file query.txt (compact mmCIF, C-alpha atoms)
# COMPACT_ATOMS: atom_id res chain seq x y z
CA MET A 1 72.97 -26.49 15.96
CA LYS A 2 70.68 -28.48 13.68
CA GLU A 3 72.98 -29.65 10.93
CA ILE A 4 76.55 -30.78 11.47
CA LEU A 5 79.42 -31.94 9.26
CA ASN A 6 82.79 -33.17 10.53
CA LEU A 7 85.61 -32.86 8.04
CA GLN A 8 89.31 -33.69 8.06
CA ILE A 9 91.40 -31.49 5.76
CA GLY A 10 95.09 -32.33 5.90
CA PRO A 11 96.10 -32.27 9.58
CA VAL A 12 93.14 -30.13 10.66
CA ALA A 13 89.75 -31.37 11.86
CA PHE A 14 86.74 -29.09 11.39
CA ARG A 15 83.25 -29.25 12.81
CA ILE A 16 80.82 -27.18 10.79
CA GLY A 17 77.39 -26.55 12.19
CA SER A 18 74.58 -24.72 10.49
CA ALA A 19 71.11 -23.55 11.37
CA TRP A 20 70.09 -24.51 7.81
CA ARG A 21 70.34 -27.78 5.94
CA ALA A 22 71.32 -26.41 2.52
CA PRO A 23 74.88 -25.20 3.24
CA ILE A 24 75.77 -28.47 4.99
CA GLU A 25 74.34 -30.53 2.14
CA ALA A 26 76.32 -28.53 -0.40
CA LEU A 27 79.47 -28.85 1.70
CA ALA A 28 79.03 -32.63 2.19
CA LYS A 29 78.64 -33.04 -1.57
CA LEU A 30 81.67 -30.88 -2.34
CA TYR A 31 83.82 -32.74 0.19
CA GLU A 32 82.62 -36.21 -0.81
CA GLY A 33 85.36 -38.78 -0.15
CA TYR A 34 87.10 -36.75 2.56
CA PRO A 35 87.75 -38.71 5.75
CA ALA A 36 85.99 -37.93 9.02
CA PRO A 37 88.30 -36.71 11.78
CA ALA A 38 89.98 -39.52 13.72
CA GLY A 39 88.85 -39.49 17.34
CA GLY A 40 86.04 -37.13 16.45
CA ILE A 41 87.57 -34.09 18.13
CA ALA A 42 87.59 -30.93 16.06
CA ASP A 43 90.46 -28.42 16.05
CA PHE A 44 88.11 -25.71 14.85
CA THR A 45 84.41 -25.14 14.96
CA VAL A 46 82.55 -23.06 12.38
CA ARG A 47 78.94 -22.09 12.95
CA LEU A 48 76.58 -20.65 10.39
CA GLU A 49 73.83 -18.91 12.26
CA PRO A 50 71.03 -16.51 11.47
CA GLU A 51 72.23 -12.96 11.80
CA LYS A 52 69.16 -12.35 13.97
CA PRO A 53 66.96 -15.22 15.28
CA TRP A 54 63.99 -14.26 13.09
CA ARG A 55 66.17 -14.10 9.99
CA ARG A 56 66.38 -17.85 9.80
CA PHE A 57 63.13 -17.69 7.82
CA VAL A 58 62.66 -14.10 6.73
CA ARG A 59 65.21 -13.13 4.05
CA PRO A 60 67.69 -15.55 5.65
CA SER A 61 71.13 -14.10 6.22
CA VAL A 62 74.11 -16.18 7.34
CA ALA A 63 76.54 -14.94 9.96
CA ILE A 64 79.81 -16.84 10.29
CA ARG A 65 80.77 -17.67 13.85
CA GLY A 66 83.33 -19.94 15.43
CA ASP A 67 86.12 -20.13 17.94
CA TYR A 68 87.65 -17.04 16.35
CA ILE A 69 85.53 -14.31 14.84
CA LEU A 70 86.03 -11.07 13.02
CA PRO A 71 83.65 -8.56 14.59
CA ASP A 72 82.85 -6.91 11.27
CA ALA A 73 82.43 -10.03 9.11
CA ALA A 74 79.47 -9.14 6.93
CA PRO A 75 76.58 -11.64 6.83
CA LEU A 76 75.90 -13.36 3.51
CA PRO A 77 72.58 -14.35 1.94
CA LEU A 78 71.63 -18.01 2.43
CA SER A 79 72.20 -18.71 -1.28
CA LEU A 80 75.90 -18.16 -0.49
CA GLY A 81 75.87 -20.49 2.55
CA LEU A 82 78.54 -22.72 0.99
CA LEU A 83 80.80 -19.70 0.57
CA ALA A 84 80.10 -18.74 4.19
CA ALA A 85 81.20 -22.20 5.35
CA GLU A 86 84.41 -21.99 3.29
CA MET A 87 85.12 -18.49 4.56
CA GLY A 88 84.47 -19.67 8.10
CA MET A 89 87.00 -22.50 7.77
CA ASN A 90 89.60 -20.11 6.33
CA LEU A 91 88.97 -17.63 9.09
CA GLN A 92 89.45 -20.22 11.85
CA MET A 93 92.74 -21.28 10.26
CA ALA A 94 93.98 -17.74 9.72
CA LEU A 95 93.18 -16.55 13.22
CA GLY A 96 93.58 -19.65 15.32
CA GLN A 97 96.29 -21.83 13.83
CA LYS A 98 99.28 -22.12 16.17
CA ASN A 99 100.78 -25.49 15.26
CA TRP A 100 102.28 -24.45 11.94
CA LEU A 101 103.49 -21.33 10.24
CA LEU A 102 100.58 -20.49 8.00
CA LEU A 103 101.40 -19.00 4.61
CA HIS A 104 98.71 -17.57 2.41
CA ALA A 105 99.99 -19.62 -0.50
CA ALA A 106 99.14 -22.47 -2.82
CA SER A 107 101.38 -25.52 -2.92
CA VAL A 108 101.89 -28.48 -5.23
CA GLU A 109 104.26 -31.45 -5.11
CA LYS A 110 105.98 -33.72 -7.60
CA ASP A 111 108.79 -36.25 -7.00
CA GLY A 112 108.81 -35.31 -3.30
CA ARG A 113 109.58 -31.64 -4.04
CA ALA A 114 107.05 -29.03 -3.02
CA LEU A 115 106.51 -25.69 -4.75
CA ILE A 116 105.12 -22.76 -2.81
CA LEU A 117 103.14 -20.26 -4.91
CA THR A 118 102.35 -17.03 -3.17
CA GLY A 119 101.29 -13.58 -4.16
CA GLU A 120 98.54 -11.09 -3.79
CA SER A 121 94.91 -11.97 -4.33
CA GLY A 122 94.32 -12.22 -8.06
CA ALA A 123 97.89 -13.28 -8.85
CA GLY A 124 96.47 -16.57 -10.05
CA LYS A 125 97.86 -18.95 -7.47
CA SER A 126 94.56 -20.84 -7.08
CA THR A 127 94.15 -21.32 -10.82
CA LEU A 128 97.78 -22.24 -11.35
CA SER A 129 97.86 -24.75 -8.51
CA ALA A 130 94.54 -26.29 -9.58
CA LEU A 131 95.82 -26.60 -13.15
CA LEU A 132 99.11 -28.16 -12.02
CA GLY A 133 97.03 -30.51 -9.87
CA GLU A 134 95.44 -31.87 -13.08
CA ARG A 135 98.74 -31.99 -14.99
CA GLY A 136 100.77 -34.50 -13.01
CA TRP A 137 101.42 -32.55 -9.84
CA ARG A 138 99.79 -33.28 -6.51
CA LEU A 139 97.71 -30.36 -5.28
CA MET A 140 98.58 -29.75 -1.64
CA GLY A 141 96.38 -26.70 -1.26
CA ASP A 142 95.27 -23.54 -3.04
CA GLU A 143 94.90 -21.21 -0.07
CA PHE A 144 97.10 -22.08 2.89
CA ALA A 145 100.48 -23.78 3.06
CA LEU A 146 101.35 -25.13 6.49
CA LEU A 147 105.05 -25.05 7.37
CA ASP A 148 106.05 -27.43 10.14
CA LEU A 149 108.06 -25.49 12.70
CA ASP A 150 110.42 -28.35 13.62
CA SER A 151 110.98 -30.32 10.42
CA GLY A 152 110.61 -27.50 7.87
CA MET A 153 108.23 -29.76 5.96
CA LEU A 154 105.21 -28.43 4.13
CA LEU A 155 101.91 -30.09 5.05
CA PRO A 156 98.94 -30.36 2.70
CA PHE A 157 95.71 -28.53 3.34
CA PRO A 158 93.70 -29.60 0.28
CA ARG A 159 90.39 -27.90 0.82
CA ALA A 160 88.16 -27.27 -2.18
CA VAL A 161 89.79 -24.86 -4.64
CA SER A 162 88.02 -21.53 -4.79
CA LEU A 163 87.85 -20.57 -8.47
CA LYS A 164 86.85 -17.07 -9.42
CA ASN A 165 85.41 -15.65 -12.62
CA GLY A 166 87.63 -16.56 -15.62
CA ALA A 167 89.37 -19.36 -13.71
CA ILE A 168 86.05 -21.25 -13.53
CA THR A 169 86.01 -21.73 -17.32
CA VAL A 170 89.69 -22.71 -17.37
CA MET A 171 89.12 -25.49 -14.84
CA GLU A 172 85.76 -26.65 -16.22
CA ALA A 173 87.76 -27.79 -19.24
CA GLU A 174 90.13 -29.80 -17.00
CA ALA A 175 88.00 -31.61 -14.42
CA GLY A 176 84.76 -33.59 -14.44
CA ALA A 177 81.48 -31.87 -13.56
CA ALA A 178 80.98 -34.09 -10.47
CA ARG A 179 83.92 -32.41 -8.74
CA PHE A 180 82.44 -28.92 -8.93
CA GLY A 181 80.19 -27.20 -6.44
CA PRO A 182 77.38 -24.90 -7.58
CA ARG A 183 78.32 -21.67 -9.33
CA LEU A 184 77.91 -18.92 -6.74
CA VAL A 185 76.86 -15.79 -8.55
CA GLY A 186 77.21 -12.26 -7.22
CA THR A 187 79.57 -12.87 -4.31
CA PRO A 188 81.71 -9.98 -3.04
CA LYS A 189 84.48 -11.36 -5.31
CA GLY A 190 82.32 -11.92 -8.39
CA ASP A 191 81.36 -15.46 -9.44
CA ILE A 192 82.88 -18.33 -7.45
CA ARG A 193 82.83 -22.06 -8.09
CA HIS A 194 84.54 -24.59 -5.84
CA LEU A 195 86.46 -27.55 -7.22
CA ARG A 196 87.13 -30.69 -5.20
CA PRO A 197 90.80 -31.71 -5.50
CA ASN A 198 91.34 -35.02 -7.29
CA ASP A 199 91.48 -38.43 -5.60
CA GLU A 200 95.27 -38.41 -5.28
CA ALA A 201 95.26 -35.06 -3.48
CA ILE A 202 92.64 -36.36 -1.02
CA ALA A 203 94.24 -39.79 -0.51
CA ARG A 204 97.63 -38.23 0.24
CA MET A 205 96.39 -35.35 2.43
CA GLY A 206 98.42 -36.70 5.36
CA GLU A 207 101.67 -36.71 3.42
CA GLY A 208 103.97 -33.68 3.66
CA ALA A 209 106.85 -32.74 1.35
CA MET A 210 110.00 -30.66 1.69
CA PRO A 211 109.76 -27.25 -0.03
CA ALA A 212 112.07 -26.95 -3.05
CA LEU A 213 111.07 -23.66 -4.70
CA ILE A 214 109.14 -20.51 -3.80
CA LEU A 215 107.35 -18.76 -6.65
CA PHE A 216 105.78 -15.32 -6.72
CA PRO A 217 103.54 -15.50 -9.79
CA ARG A 218 101.96 -12.42 -11.34
CA PHE A 219 99.96 -11.79 -14.49
CA GLY A 220 102.09 -9.75 -16.86
CA PRO A 221 102.24 -8.78 -20.52
CA ALA A 222 105.12 -11.16 -21.24
CA ALA A 223 106.75 -14.15 -19.62
CA ALA A 224 109.57 -13.05 -17.33
CA VAL A 225 111.55 -14.68 -14.55
CA ARG A 226 113.74 -13.00 -11.98
CA GLY A 227 115.46 -14.26 -8.84
CA VAL A 228 114.22 -12.85 -5.55
CA GLY A 229 116.78 -12.25 -2.80
CA GLN A 230 116.47 -13.95 0.57
CA ALA A 231 115.71 -10.77 2.51
CA GLU A 232 112.96 -9.77 0.08
CA THR A 233 111.56 -13.31 0.14
CA PHE A 234 111.54 -13.25 3.93
CA MET A 235 109.72 -9.94 3.99
CA ARG A 236 107.14 -11.05 1.43
CA LEU A 237 106.51 -14.30 3.28
CA THR A 238 105.99 -12.54 6.62
CA GLN A 239 103.37 -10.45 4.83
CA ALA A 240 101.84 -13.62 3.41
CA SER A 241 101.69 -15.29 6.82
CA THR A 242 98.65 -14.87 9.02
CA ASN A 243 100.34 -16.07 12.21
CA TYR A 244 104.03 -15.17 11.89
CA VAL A 245 103.90 -12.56 14.65
CA ALA A 246 101.80 -14.75 16.97
CA LEU A 247 104.26 -17.65 16.73
CA GLY A 248 107.24 -15.59 17.96
CA GLU A 249 110.71 -17.09 17.80
CA PRO A 250 109.72 -20.55 16.46
CA GLY A 251 108.07 -18.76 13.52
CA PHE A 252 111.21 -16.67 12.93
CA ASN A 253 113.39 -19.80 13.01
CA ALA A 254 111.13 -21.74 10.63
CA LEU A 255 110.86 -18.89 8.14
CA THR A 256 114.57 -18.05 8.12
CA ARG A 257 115.37 -21.71 7.55
CA LEU A 258 112.92 -21.80 4.63
CA VAL A 259 114.26 -18.72 2.86
CA ARG A 260 117.91 -19.70 3.36
CA GLY A 261 117.37 -23.22 2.08
CA VAL A 262 114.95 -22.72 -0.80
CA PRO A 263 115.41 -20.53 -3.91
CA ALA A 264 112.74 -17.98 -4.81
CA LEU A 265 111.66 -16.67 -8.22
CA ALA A 266 109.19 -14.04 -9.35
CA ILE A 267 107.43 -15.01 -12.57
CA ASP A 268 105.28 -12.91 -14.86
CA TYR A 269 102.99 -14.84 -17.15
CA PRO A 270 100.56 -13.75 -19.86
CA ASP A 271 98.46 -16.95 -19.72
CA THR A 272 98.21 -20.10 -17.63
CA ALA A 273 99.74 -22.34 -20.32
CA THR A 274 102.94 -20.25 -20.17
CA ALA A 275 102.97 -20.47 -16.38
CA VAL A 276 102.58 -24.26 -16.42
CA GLY A 277 105.43 -24.46 -18.95
CA LEU A 278 107.69 -22.32 -16.73
CA VAL A 279 106.93 -24.47 -13.70
CA GLU A 280 107.79 -27.63 -15.66
CA ASP A 281 111.11 -26.04 -16.69
CA PHE A 282 111.87 -25.27 -13.04
CA ARG A 283 111.01 -28.83 -12.05
CA GLN A 284 113.45 -30.24 -14.57
CA GLU A 285 116.16 -27.86 -13.35
CA LEU A 286 115.55 -28.91 -9.74
CA ALA A 287 115.71 -32.57 -10.71
CA ALA A 288 118.93 -32.15 -12.69
CA MET B 1 127.37 15.74 30.81
CA GLY B 2 129.11 12.81 29.06
CA ASP B 3 127.72 10.53 26.41
CA PRO B 4 125.27 7.87 27.53
CA ILE B 5 126.21 4.23 27.95
CA TYR B 6 124.46 1.88 25.52
CA ILE B 7 123.40 -1.69 26.27
CA ALA B 8 122.30 -4.46 23.90
CA ASP B 9 120.74 -7.53 25.48
CA SER B 10 122.15 -10.15 23.14
CA ARG B 11 120.39 -12.97 24.98
CA ASP B 12 117.10 -11.49 23.81
CA VAL B 13 118.08 -11.50 20.18
CA ARG B 14 118.36 -14.07 17.38
CA SER B 15 120.10 -12.85 14.27
CA VAL B 16 120.41 -14.48 10.88
CA PRO B 17 122.43 -13.06 7.97
CA LEU B 18 120.55 -12.97 4.65
CA ASP B 19 122.33 -11.81 1.51
CA GLY B 20 124.13 -8.78 2.91
CA LEU B 21 121.36 -7.88 5.33
CA THR B 22 120.67 -9.28 8.77
CA LEU B 23 117.36 -10.43 10.19
CA ILE B 24 117.02 -9.83 13.88
CA TYR B 25 114.30 -11.33 16.03
CA HIS B 26 113.88 -9.36 19.25
CA ALA B 27 112.22 -11.68 21.77
CA PRO B 28 110.96 -9.11 24.34
CA SER B 29 108.96 -7.21 21.71
CA GLY B 30 108.33 -10.16 19.37
CA MET B 31 109.42 -7.91 16.49
CA THR B 32 111.53 -8.87 13.51
CA HIS B 33 113.94 -6.27 12.11
CA ILE B 34 115.79 -6.30 8.82
CA VAL B 35 118.97 -4.30 9.31
CA ALA B 36 121.89 -3.27 7.09
CA PRO B 37 125.54 -2.79 8.09
CA PRO B 38 126.82 -1.41 10.38
CA ALA B 39 123.86 -2.17 12.68
CA PRO B 40 124.71 -5.87 13.17
CA GLU B 41 128.36 -4.99 13.79
CA ILE B 42 127.36 -2.43 16.43
CA LEU B 43 125.18 -4.99 18.20
CA GLU B 44 128.00 -7.51 18.07
CA ALA B 45 130.44 -4.96 19.54
CA LEU B 46 127.99 -4.30 22.38
CA ASP B 47 128.05 -8.03 23.17
CA ALA B 48 131.35 -7.42 24.98
CA GLY B 49 129.46 -5.21 27.44
CA PRO B 50 127.81 -1.79 27.75
CA ALA B 51 129.77 1.04 26.17
CA ASP B 52 129.59 4.74 25.39
CA PRO B 53 129.91 5.82 21.74
CA ALA B 54 133.65 6.49 22.02
CA GLU B 55 134.37 3.05 23.47
CA LEU B 56 132.07 1.46 20.92
CA LEU B 57 133.95 3.19 18.12
CA ARG B 58 137.23 1.84 19.50
CA ARG B 59 135.81 -1.69 19.52
CA LEU B 60 134.46 -1.34 16.00
CA ARG B 61 137.66 0.16 14.58
CA ALA B 62 139.66 -2.71 16.03
CA ARG B 63 137.83 -4.97 13.62
CA PHE B 64 136.39 -2.86 10.79
CA GLU B 65 137.02 0.34 8.96
CA PHE B 66 134.42 2.60 10.44
CA GLU B 67 133.27 6.08 9.48
CA GLY B 68 133.27 9.05 11.83
CA GLU B 69 131.69 9.73 15.17
CA ASP B 70 128.55 11.33 13.75
CA ALA B 71 127.62 8.02 12.14
CA ILE B 72 127.83 6.05 15.35
CA HIS B 73 125.53 8.52 17.13
CA ALA B 74 123.01 8.32 14.30
CA ARG B 75 123.08 4.51 14.14
CA LEU B 76 122.75 4.19 17.91
CA GLU B 77 119.75 6.48 17.87
CA GLU B 78 118.12 4.32 15.20
CA LEU B 79 118.86 1.14 17.13
CA GLU B 80 117.48 2.71 20.28
CA ALA B 81 114.30 3.75 18.46
CA SER B 82 113.86 0.18 17.24
CA GLY B 83 114.29 -1.17 20.77
CA LEU B 84 117.39 -3.20 19.95
CA VAL B 85 119.66 -1.12 22.23
CA ARG B 86 118.86 0.89 25.33
CA ARG B 87 120.65 3.48 27.41
CA GLY B 88 122.18 2.33 30.69
call {"tool": "encode", "arguments": {"input": "query.txt", "output": "structure tokens"}}
result
Amino acid sequence: MKEILNLQIGPVAFRIGSAWRAPIEALAKLYEGYPAPAGGIADFTVRLEPEKPWRRFVRPSVAIRGDYILPDAAPLPLSLGLLAAEMGMNLQMALGQKNWLLLHAASVEKDGRALILTGESGAGKSTLSALLGERGWRLMGDEFALLDLDSGMLLPFPRAVSLKNGAITVMEAEAGAARFGPRLVGTPKGDIRHLRPNDEAIARMGEGAMPALILFPRFGPAAAVRGVGQAETFMRLTQASTNYVALGEPGFNALTRLVRGVPALAIDYPDTATAVGLVEDFRQELAA
Amino acid sequence: MGDPIYIADSRDVRSVPLDGLTLIYHAPSGMTHIVAPPAPEILEALDAGPADPAELLRRLRARFEFEGEDAIHARLEELEASGLVRRG
């Protein structure tokens, strides 16, 4: 592998290798300020390789490989090499993580209380968590929340936030240009632009927090809040977890403890300002 | 031919009540089940040892009001299909 970047994100150490220089340069710029892994041993390896040896030069096409691979992962054009690296890191986590219960969820923290935001793709959890991260909350992660099996604590995984389409404009108004990666046009999910979490999120990436509230956000015509029962919450979180089944009984114990100890709400919101307002209301109720 | 004897291996199971329902983790299969009454009560009654439906009904009625015999057969069939009980 010609080009290599070692990256510590929360408790996980990655080694990303690439046959091309450009994706590694873009990644190093996006993750500026992130620490290198202590001890230099990676938990996961991601490799960006030519789909076929000759395609390194002729219409280059990036295949994502690593310790864990999806056999049908489609190769991406080299212009989307940064996206390939991000997808590769997500894939290694989703398929290979066995130390924590992995929830496909965003999380933020304030006053030691962590909020878990989960929902289907497009529910706005990335945007909402990124926005809260600029409005006095600490962004713990926009994609994966790591639940410690023994302590029940939530650990940060603050990789770059993946903003899509309309969310790009929302966040460009919130954060300085230096924290953004290039705008990736024409990806399978439309336009994507990555945002580096702020300095506090990076500096405190080793610091977990106890979960205090689970939110299921959803775009809706009007603001609405309803309580979600424990059994429904459990079911939705097993669906949101990529490794619940693989973990067996420790996963069951960790998840039942979470849903019995932490309230859950479904919120509908017509715009992000309303959602941020609702979250602030919840925070004040939790603090009271 | 008499009714079969049913067995529940309680050592293989972790159960947690969650607002009126019960979550059951079945270690041998690694599967999680969400069950409604009277399934948890039936499993609990089988803790005392293997039993045929008539004996099971006696155990259940000692502690709960329980519907007729048809119901116990139907529930046992469901629990058997889910792997939580087996025939002895």
call {"tool": "interface_residues", "arguments": {"input": "query.txt", "of": "chain A", "to": "chain B", "cutoff": "6 Å", "atoms": "only C-alpha atoms", "output": "PyMOL selection string"}}
result
chain A and resi 230-231+248
call {"tool": "write_last_selection", "arguments": {"input": "query.txt", "atoms": "C-alpha atoms", "output": "PDB file, in the frame of the given file"}}
result
ATOM      1  CA  GLN A 230     116.470 -13.950   0.570  1.00  0.00           C
ATOM      2  CA  ALA A 231     115.710 -10.770   2.510  1.00  0.00           C
ATOM      3  CA  GLY A 248     107.240 -15.590  17.960  1.00  0.00           C
TER       4      GLY A 248
END
call {"tool": "atom_distance", "arguments": {"input": "query.txt", "atom1": "atom CA of B:Phe66", "atom2": "atom CA of B:Ala51"}}
result
16.5 Å
call {"tool": "atom_distance", "arguments": {"input": "query.txt", "atom1": "atom CA of A:Gly181", "atom2": "atom CA of A:Met205"}}
result
20.2 Å
call {"tool": "atom_distance", "arguments": {"input": "query.txt", "atom1": "atom CA of A:Lys164", "atom2": "atom CA of A:Leu117"}}
result
17.2 Å
call {"tool": "residues_near_point", "arguments": {"input": "query.txt", "point": "(115.1, 0.9, 18.8)", "cutoff": "12 Å", "atoms": "all atoms listed in the file", "output": "list in words"}}
result
Tyr6, Ile7, Ala8, Ile24, His26, Ser29, Met31, Thr32, His33, Val35, Ala39, Leu43, Ala74, Arg75, Leu76, Glu77, Glu78, Leu79, Glu80, Ala81, Ser82, Gly83, Leu84, Val85, Arg86 and Arg87 of chain B
call {"tool": "write_last_selection", "arguments": {"input": "query.txt", "atoms": "C-alpha atoms", "output": "short mmCIF file (atom, residue, chain, number, x, y, z; two decimals), in the coordinates of the input"}}
result
data_model
loop_
_atom_site.label_atom_id
_atom_site.label_comp_id
_atom_site.auth_asym_id
_atom_site.auth_seq_id
_atom_site.Cartn_x
_atom_site.Cartn_y
_atom_site.Cartn_z
CA TYR B 6 124.46 1.88 25.52
CA ILE B 7 123.40 -1.69 26.27
CA ALA B 8 122.30 -4.46 23.90
CA ILE B 24 117.02 -9.83 13.88
CA HIS B 26 113.88 -9.36 19.25
CA SER B 29 108.96 -7.21 21.71
CA MET B 31 109.42 -7.91 16.49
CA THR B 32 111.53 -8.87 13.51
CA HIS B 33 113.94 -6.27 12.11
CA VAL B 35 118.97 -4.30 9.31
CA ALA B 39 123.86 -2.17 12.68
CA LEU B 43 125.18 -4.99 18.20
CA ALA B 74 123.01 8.32 14.30
CA ARG B 75 123.08 4.51 14.14
CA LEU B 76 122.75 4.19 17.91
CA GLU B 77 119.75 6.48 17.87
CA GLU B 78 118.12 4.32 15.20
CA LEU B 79 118.86 1.14 17.13
CA GLU B 80 117.48 2.71 20.28
CA ALA B 81 114.30 3.75 18.46
CA SER B 82 113.86 0.18 17.24
CA GLY B 83 114.29 -1.17 20.77
CA LEU B 84 117.39 -3.20 19.95
CA VAL B 85 119.66 -1.12 22.23
CA ARG B 86 118.86 0.89 25.33
CA ARG B 87 120.65 3.48 27.41
#
call {"tool": "residues_around", "arguments": {"input": "query.txt", "residues": "A:Leu237", "least_positions_apart": "6", "cutoff": "12 Å", "atoms": "all atoms listed in the file", "output": "ChimeraX atom specification"}}
result
/A:101-105,116-120,145,147,214-216,228,230-231,243-245,251-252,254-256,258-259,264
call {"tool": "residues_around", "arguments": {"input": "query.txt", "residues": "A:Val46", "least_positions_apart": "2", "cutoff": "7 Å", "atoms": "all atoms listed in the file", "output": "list in words"}}
result
Arg15, Ile16, Gly17, Phe44, Leu48, Arg65, Gly66, Gly88 and Met89 of chain A
call {"tool": "residues_near_point", "arguments": {"input": "query.txt", "point": "(77.4, -17.1, 2.5)", "cutoff": "9 Å", "atoms": "only C-alpha atoms", "output": "ChimeraX atom specification"}}
result
/A:23,48,61-64,75-87,187
call {"tool": "closest_residue", "arguments": {"input": "query.txt", "among": "A:Gly124, A:Gly112, A:Pro158, A:Pro263", "to": "A:Val12", "atoms": "only C-alpha atoms"}}
result
A:Pro158
call {"tool": "closest_residue", "arguments": {"input": "query.txt", "among": "B:Arg11, B:His73, B:Ile5, B:Arg61", "to": "B:Glu41", "atoms": "all atoms listed in the file"}}
result
B:Arg61
call {"tool": "axis_aligned_box", "arguments": {"input": "query.txt", "around": "stretch 28-35 of chain A", "padding_each_side": "4 Å", "output": "JSON"}}
result
{"center_x": 83.2, "center_y": -34.8, "center_z": 1.7, "size_x": 17.1, "size_y": 15.9, "size_z": 16.1}
call {"tool": "closest_residue", "arguments": {"input": "query.txt", "among": "A:Pro60, A:Ala106, A:Ala42, A:Glu134", "to": "A:Ala19", "atoms": "all atoms listed in the file"}}
result
A:Pro60
call {"tool": "closest_residue", "arguments": {"input": "query.txt", "among": "B:Gly88, B:Gly2, B:Pro37, B:Pro53", "to": "B:Ile72", "atoms": "all atoms listed in the file"}}
result
B:Pro53
call {"tool": "closest_residue", "arguments": {"input": "query.txt", "among": "A:Pro35, A:Arg113, A:Glu51, A:Ala167", "to": "A:Ser126", "atoms": "only C-alpha atoms"}}
result
A:Ala167
